[in-house]
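Chemist: Structure below; questions to follow.
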Amino acid sequence: MKIFLDTADFKAIETWKETGLIDGVTTNPTHLSKAKGDPTKLVQAIAKALPKGVISVEVTEKKPDAVYKQAKAIAKLGKNIVIKIPCHADYYGIIAKLIKDGVKLNITLVFSLVQALLMSKLGVQYISPFVGRWDDIDVEGVELLYNIRHMLDEYGYQTQLLAASIRGVRHFHEAIMAGADVITVPVEILEKASRHVLTDQGIEKFDADWKKIGIRKFP
Ligand code: E4P
């Protein structure tokens, strides 16, 4: 399973890069709006910081022609950049065109199995179902992950299932269980998921027991 960081926080990306666990980053207009400075420079810096990673960058234009042009321009910012386009019917034509042009795509804001099938049929690299936003309106979001996994395997599509809009460690667990190819995790959730209270307690207990025998040198 690949793990992407769901952020545009450069410092956090640098920190997590050191762990060797991060396979990419998903930015979006919200993340970029929170970061200071020029978004173009930030995107380039992130792409450079993780040269082997997959860096998703979302279009901000609205009209299909403008989205097409912007997608091509963003793709030129780095070889490892994947363009995020919302799963909207107005964009299906340009999505098909961009695929023909060899632009790698991550289709974002996916909320239904049918949307996922349509995009997989077009041959996009990633589809991002938004688990948390379903949960926000009291619908079990993880079910969509299981259904999309089944659909992809049933029809043999190569599109990768990217679990997005992750709200907690439970969602991480469910994404693994559902067989997501990738998960994009907010920094604070990855920090939480990477620790376990029983591991901390276990270390303390071993340490206390070891100190009881008073041996300084070992081995
Ligand atoms: C995914 O690529 C998105 O950036 C992200 O997961 C959005 O999630 P949100 O619902 O927390 O905004």
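Residues are named by chain letter and number: chains run A, B, ... in the order of the structure tokens, numbers start at 1 in each chain, and ligands are numbered from 1 in the order shown.
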Show which residues sit within 6 Å of A:Leu162, as an MDAnalysis selection string. Count only C-alpha atoms, and ignore same-chain residues fewer than 3 positions away.
Modeler: chainID A and resid 127:128 182:183
Chemist: Restricted to N, CA and C atoms, what would the selected residues look like written as an mmCIF file, in the first residue's frame?
Modeler:
```
data_model
loop_
_atom_site.group_PDB
_atom_site.id
_atom_site.type_symbol
_atom_site.label_atom_id
_atom_site.label_comp_id
_atom_site.auth_asym_id
_atom_site.auth_seq_id
_atom_site.Cartn_x
_atom_site.Cartn_y
_atom_site.Cartn_z
ATOM 1 N N ILE A 127 -8.216 7.149 -8.722
ATOM 2 C CA ILE A 127 -9.514 7.729 -8.381
ATOM 3 C C ILE A 127 -9.516 7.926 -6.867
ATOM 4 N N SER A 128 -9.988 9.100 -6.446
ATOM 5 C CA SER A 128 -9.980 9.432 -5.016
ATOM 6 C C SER A 128 -11.393 9.546 -4.440
ATOM 7 N N VAL A 182 -3.702 3.011 -2.423
ATOM 8 C CA VAL A 182 -3.046 4.184 -1.844
ATOM 9 C C VAL A 182 -3.985 4.785 -0.806
ATOM 10 N N ILE A 183 -3.376 5.397 0.211
ATOM 11 C CA ILE A 183 -4.176 6.220 1.124
ATOM 12 C C ILE A 183 -3.470 7.565 1.234
#
```
Chemist: Let me have all residues with an atom within 6 Å of ligand 1, counting only C-alpha atoms and all ligand atoms, laid out as a count of residues only.
Modeler: 8
Chemist: Report, in Å with one decimal, the straight-line distance from atom CA of A:Phe111 to atom CA of A:Lys84.
Modeler: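 About the pair atom CA of A:Phe111 and atom CA of A:Lys84: they are 15.1 Å apart.
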Chemist: Which residues are close to stretch 106-108 of chain A, i.e. within 8 Å by only C-alpha atoms, leaving aside same-chain residues fewer than 3 positions away? Reply as a list in words.
Modeler: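 So the residues in contact are Ser56, Val82, Ile83, Lys84, Ile85, Pro86, Cys87, Met119, Val124, Gln125, Tyr126, Ile127, Ser128, Pro129 and Phe130 of chain A.
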Chemist: Please provide the set of residues having any atom within 12 Å of A:Trp16, restricted to only C-alpha atoms, with same-chain residues fewer than 2 positions apart removed, written as a list of chain:residue names.
Modeler: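 So the residues in contact are A:Ile3, A:Phe4, A:Leu5, A:Asp6, A:Thr7, A:Asp9, A:Phe10, A:Lys11, A:Ala12, A:Ile13, A:Glu14, A:Glu18, A:Thr19, A:Gly20, A:Leu21, A:Ile22, A:Asp23, A:Gly24, A:Val25, A:Ala49, A:Leu50, A:Val185, A:Pro186, A:Val187, A:Glu188, A:Leu190, A:Glu191, A:Ser194.
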Chemist: Excluding A:Leu145 and its own-chain neighbours fewer than 6 positions away, which residues fall within 8 Å of it when counting only C-alpha atoms? Please give them as an mmCIF file with all heavy atoms, in the first residue's frame.
Modeler:
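And here is the file that came out, selection-v3.cif:
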```cif
data_model
loop_
_atom_site.group_PDB
_atom_site.id
_atom_site.type_symbol
_atom_site.label_atom_id
_atom_site.label_comp_id
_atom_site.auth_asym_id
_atom_site.auth_seq_id
_atom_site.Cartn_x
_atom_site.Cartn_y
_atom_site.Cartn_z
ATOM 1 N N PRO A 129 -11.926 8.428 -3.920
ATOM 2 C CA PRO A 129 -13.200 8.538 -3.208
ATOM 3 C C PRO A 129 -12.980 9.245 -1.868
ATOM 4 O O PRO A 129 -12.029 8.936 -1.151
ATOM 5 C CB PRO A 129 -13.637 7.084 -3.003
ATOM 6 C CG PRO A 129 -12.425 6.255 -3.246
ATOM 7 C CD PRO A 129 -11.443 7.042 -4.021
ATOM 8 N N VAL A 131 -13.893 9.523 1.560
ATOM 9 C CA VAL A 131 -14.537 8.783 2.645
ATOM 10 C C VAL A 131 -15.136 9.713 3.717
ATOM 11 O O VAL A 131 -16.310 9.613 4.063
ATOM 12 C CB VAL A 131 -13.492 7.832 3.293
ATOM 13 C CG1 VAL A 131 -14.065 7.120 4.506
ATOM 14 C CG2 VAL A 131 -12.984 6.835 2.271
ATOM 15 N N LEU A 161 -6.948 2.688 -6.629
ATOM 16 C CA LEU A 161 -7.911 3.192 -5.641
ATOM 17 C C LEU A 161 -7.170 3.958 -4.551
ATOM 18 O O LEU A 161 -6.338 3.392 -3.835
ATOM 19 C CB LEU A 161 -8.671 1.993 -5.047
ATOM 20 C CG LEU A 161 -9.587 2.244 -3.861
ATOM 21 C CD1 LEU A 161 -10.643 3.300 -4.165
ATOM 22 C CD2 LEU A 161 -10.271 0.936 -3.439
ATOM 23 N N ALA A 163 -7.666 6.106 -1.290
ATOM 24 C CA ALA A 163 -8.604 6.494 -0.215
ATOM 25 C C ALA A 163 -8.273 7.911 0.255
ATOM 26 O O ALA A 163 -7.161 8.173 0.708
ATOM 27 C CB ALA A 163 -8.504 5.509 0.941
ATOM 28 N N ALA A 175 -9.302 1.428 5.151
ATOM 29 C CA ALA A 175 -8.718 1.524 3.804
ATOM 30 C C ALA A 175 -7.808 0.324 3.527
ATOM 31 O O ALA A 175 -7.784 -0.210 2.412
ATOM 32 C CB ALA A 175 -7.938 2.835 3.660
ATOM 33 N N ALA A 178 -10.078 -2.670 2.996
ATOM 34 C CA ALA A 178 -10.781 -2.613 1.709
ATOM 35 C C ALA A 178 -9.829 -2.855 0.529
ATOM 36 O O ALA A 178 -10.269 -2.993 -0.600
ATOM 37 C CB ALA A 178 -11.459 -1.255 1.562
ATOM 38 N N ALA A 180 -7.341 -0.706 -0.514
ATOM 39 C CA ALA A 180 -6.990 0.514 -1.266
ATOM 40 C C ALA A 180 -5.528 0.411 -1.705
ATOM 41 O O ALA A 180 -4.685 -0.087 -0.952
ATOM 42 C CB ALA A 180 -7.202 1.749 -0.387
#
```
Chemist: If you run DSSP on this backbone, which residues of chain A come out as strand (DSSP E), and could you give them as an NGL selection string?
Modeler: :A and (2-5 or 24-26 or 54-58 or 81-86 or 105-110 or 126-129 or 160-163 or 182-185)
Chemist: Can you check which residues of stretch 85-190 of chain A DSSP gives as helix (DSSP H, G or I) on the backbone and send them as a VMD selection string?
Modeler: chain A and resid 89 to 100 113 to 122 131 to 136 142 to 155 169 to 177 187 to 190
Chemist: Would you mind telling me which residue in A:Thr199, A:Thr159, A:Ser112, A:Ser120 lies nearest to A:Asn147 when using only C-alpha atoms?
Modeler: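 Looking at the shortest contact to A:Asn147, the residue is A:Ser112.
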Chemist: Between A:Val54, A:Lys48, A:Tyr91, A:Ser33, which has the minimum distance to A:Ala66 (counting only C-alpha atoms)?
Modeler: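 Residue with the minimum atom-to-atom distance to A:Ala66: A:Tyr91.
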Chemist: To one decimal in Å, tell me the separation between atom CA of A:Ile46 and atom CA of A:Lys104.
Modeler: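 Here the two named atoms are 17.2 Å from each other.
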Chemist: I'd like the contact shell of A:Val43 - 8 Å cut-off, only C-alpha atoms, skipping same-chain residues fewer than 3 positions apart - returned as number ranges by chain.
Modeler: A: 39-40, 46-47, 57, 77
Chemist: Taking only C-alpha atoms into account, name the residue in A:Gly78, A:His31, A:Gly102, A:Met1 that is nearest to A:Glu58.
Modeler: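 Ranking A:Gly78, A:His31, A:Gly102, A:Met1 by distance to A:Glu58, first place goes to A:His31.
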